[in-house]
Amino acid sequence: MTWGWEYVPDEEMVAVGAPAAFLAEVEKKADELVRAAEALHLHGPAYEGADEGAKHAFVAGGFFVYMVTPRSELVTIWQVTPDPFV
């Protein structure tokens, strides 16, 4: 396996109507989260602990909700929320 990230259930459902510049920031931050998770969980599929649960990440133009799942070597993005005043 190799670490990656994805929208859950899919990009169309999670990111519908979000500005392209905001989504570019979300995806840039998701790439950073993947690199950090990969460094922290060197043997992801063998991970036996509990998942950390949902977290928020703030980026230019809003924020998003994500979760790191070491056993799947995956960062999932569940919700994106653009700032309505930007």
# chains A, B, ... in the order shown; residues from 1 in each chain; ligands from 1
>>> residues_around(residues="Thr81 in chain A", least_positions_apart="4", cutoff="9 Å", atoms="only C-alpha atoms", output="NGL selection string")
:A and (15 or 18 or 61-65)
>>> select_by_dssp(residues="range 21-75 of chain A", states="helix (DSSP H, G or I)", output="list of chain:residue names")
A:Ala21, A:Phe22, A:Leu23, A:Ala24, A:Glu25, A:Val26, A:Glu27, A:Lys28, A:Lys29, A:Ala30, A:Asp31, A:Glu32, A:Leu33, A:Val34, A:Arg35, A:Ala36, A:Ala37, A:Glu38, A:Ala39, A:Leu40, A:Gly44, A:Pro45, A:Ala46, A:Pro70, A:Arg71, A:Ser72
>>> write_last_selection(atoms="C-alpha atoms", output="mmCIF file, in the first residue's frame")
data_model
loop_
_atom_site.group_PDB
_atom_site.id
_atom_site.type_symbol
_atom_site.label_atom_id
_atom_site.label_comp_id
_atom_site.auth_asym_id
_atom_site.auth_seq_id
_atom_site.Cartn_x
_atom_site.Cartn_y
_atom_site.Cartn_z
ATOM 1 C CA ALA A 21 -8.972 28.280 -5.548
ATOM 2 C CA PHE A 22 -10.260 27.044 -2.183
ATOM 3 C CA LEU A 23 -10.247 23.425 -3.352
ATOM 4 C CA ALA A 24 -6.664 23.859 -4.552
ATOM 5 C CA GLU A 25 -5.731 24.923 -0.991
ATOM 6 C CA VAL A 26 -7.636 21.949 0.458
ATOM 7 C CA GLU A 27 -5.794 19.540 -1.839
ATOM 8 C CA LYS A 28 -2.425 21.149 -1.083
ATOM 9 C CA LYS A 29 -3.061 20.732 2.662
ATOM 10 C CA ALA A 30 -4.287 17.154 2.111
ATOM 11 C CA ASP A 31 -0.953 16.356 0.438
ATOM 12 C CA GLU A 32 0.844 17.759 3.513
ATOM 13 C CA LEU A 33 -1.343 15.681 5.842
ATOM 14 C CA VAL A 34 -0.521 12.543 3.851
ATOM 15 C CA ARG A 35 3.223 13.189 4.141
ATOM 16 C CA ALA A 36 2.913 13.797 7.891
ATOM 17 C CA ALA A 37 0.804 10.666 8.448
ATOM 18 C CA GLU A 38 3.217 8.571 6.408
ATOM 19 C CA ALA A 39 6.146 9.777 8.552
ATOM 20 C CA LEU A 40 4.237 9.198 11.791
ATOM 21 C CA GLY A 44 0.403 1.813 8.697
ATOM 22 C CA PRO A 45 -1.299 -1.509 7.874
ATOM 23 C CA ALA A 46 0.114 -3.016 11.083
ATOM 24 C CA PRO A 70 -3.345 4.403 9.398
ATOM 25 C CA ARG A 71 -4.435 0.809 8.644
ATOM 26 C CA SER A 72 -5.713 1.938 5.244
#
>>> closest_residue(among="A:Val14, A:Asp51, A:Gly4, A:Ala20", to="Val80 in chain A", atoms="only C-alpha atoms")
A:Val14
>>> atom_distance(atom1="CA of Phe85 in chain A", atom2="CA of Val16 in chain A")
17.6 Å
>>> closest_residue(among="A:Ile77, A:Lys55, A:Trp3, A:Pro19", to="His41 in chain A", atoms="only C-alpha atoms")
A:Trp3
>>> closest_residue(among="A:Tyr7, A:His56, A:Thr2, A:Thr76", to="Leu42 in chain A", atoms="only C-alpha atoms")
A:Thr2
>>> atom_distance(atom1="CA of Met13 in chain A", atom2="CA of Trp78 in chain A")
9.3 Å
>>> closest_residue(among="A:Gln79, A:Glu73, A:Ala50, A:Ala60", to="Asp10 in chain A", atoms="only C-alpha atoms")
A:Gln79
>>> select_by_dssp(residues="chain A", states="strand (DSSP E)", output="list in words")
Gly4, Trp5, Glu6, Tyr7, Lys55, His56, Ala57, Phe58, Val59, Gly62, Phe63, Phe64, Val65, Tyr66, Met67, Val68, Thr69, Leu74, Val75, Thr76, Ile77, Trp78, Gln79, Val80, Thr81 and Pro82 of chain A
>>> atom_distance(atom1="CA of Gly49 in chain A", atom2="CA of Val8 in chain A")
22.1 Å
